[in-house]
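Below: the structure, in structure tokens.
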Amino acid sequence: MGLLKIYKFFLHGVLKLAGISPKKIEIEPGTVVNFWVPTQTTTKPAVVFLHGFAFDGILTWQFQVLALANHYSVYVPDFVFFGDSITDKSERSVEFQAECIAKGLKKLGVQKCTLVGFSFGGIVGFKMAEIYPELVHSLVVTCSVMALTESISKVQLQRLGFNSWPDYLLPESVQGVETLIQLGSHSFPKFPKFIYKEILEVISFDSRGICKNRREKVELLKALVISDEEFTVPSYHQRIHVFWGKNDKILEVENAHYIQQ
């Protein structure tokens with residue numbers, strides 16, 4: 001067993017000690033979403049963490065979950081085709097992801113929450129705030145946009161030096177994983193090569209060495225990019241807080257100013 005798998009094993013144990021455990025929710029026949037949820041019923045304010053495209057929910061948000069679990073009811077879903085969430089539907093839109101998370105939260109008894117979205121999770125969070133205003137009380141986003149339009153996508157891919165988002169976000173080599181992490185972080189220490197190899201195995205392959213949902217994730221990324229004409233700025237009624245790294249290599253800080261405006 002590799003170091004990363006051992007780490008995940010102990011992380012899951014620590015989370016359970018903190019009162020957070022996984023629970024699979026059937027959204028509809030053929031669609032199941034995995035949530036990390038409070039072990040006990042609580043009246044504390046609900047905070048929902050939405051992950052990016054590289055890792056599942058709990059690997060992305062582990063430190064924030066452990067920091068906030070004493071004061072909030074923390075929920076961490078895996079988007080469809082990430083972690084243990086699956087569907088037999090052909091739908092790949094952001095709206096479908098938003099619908100699955102919203103329906104799952106309602107089945108868990110969450111009536112109102114604060115969403116915290118990173119990257120892809122921020123885009124889904126914006127969509128949830130738009131179509132489920134009664135559920136989303138406030139929204140915190142970082143390193144994200146309201147929608148990934150063709151013009152934004154083209155500029156950012158050119159900056160990164162990639163022809164497509166799957167080339168960057170779905171690495172097929174150890175070097176690809178290293179590039180994914182180094183571009184997606186700031187002043188992050190470099191790991192030994194064997195760590196990147198383990199990360200590649202965890203995010204890309206199941207125990208039989210078969211690719212995990214790569215085709216479906218490519219389809220998700222294709223559906224994520226929409227035409228400029230297709231996007232209009234919604235009217236949000238929630239409080240929206242925007243956090244950004246001034247040295248963000250993927251989405252420039254100017255995007256944060258645009259969202260603010």
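In the structure tokens, chains take the letters A, B, ... in the order shown, each chain's residues start at 1, and ligands count up from 1 in the order shown.
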Those of stretch 53-260 of chain A in DSSP helix (DSSP H, G or I), formatted as a PyMOL selection string: chain A and resi 57-68+94-107+120-131+150-160+165-169+174-183+193-204+214-224+228-230+254-260
Residue neighbourhood A:Phe126, 10 Å, only C-alpha atoms, exclusion window fewer than 6 positions, as a PyMOL selection string: chain A and resi 94+98+115+117+132+136+139-141+144-147+234+236+240
- prompt: Quick one: distance from atom CA of A:Lys197 to atom CA of A:Lys5 in Å, one decimal?
  reply: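 Those two atoms sit 12.1 Å apart.
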From A:Ile131, A:Asp228, A:Ile250, A:Ile195, residue lying nearest A:Gly161 [only C-alpha atoms]: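 When distances to A:Gly161 are compared using only C-alpha atoms, the smallest one comes from A:Ile250.
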message: Which residues are near A:Val174? Cut-off 10 Å, only C-alpha atoms, ignore same chain within fewer than 5 positions. Put them as a PyMOL selection string.
response: chain A and resi 179-180+193-201
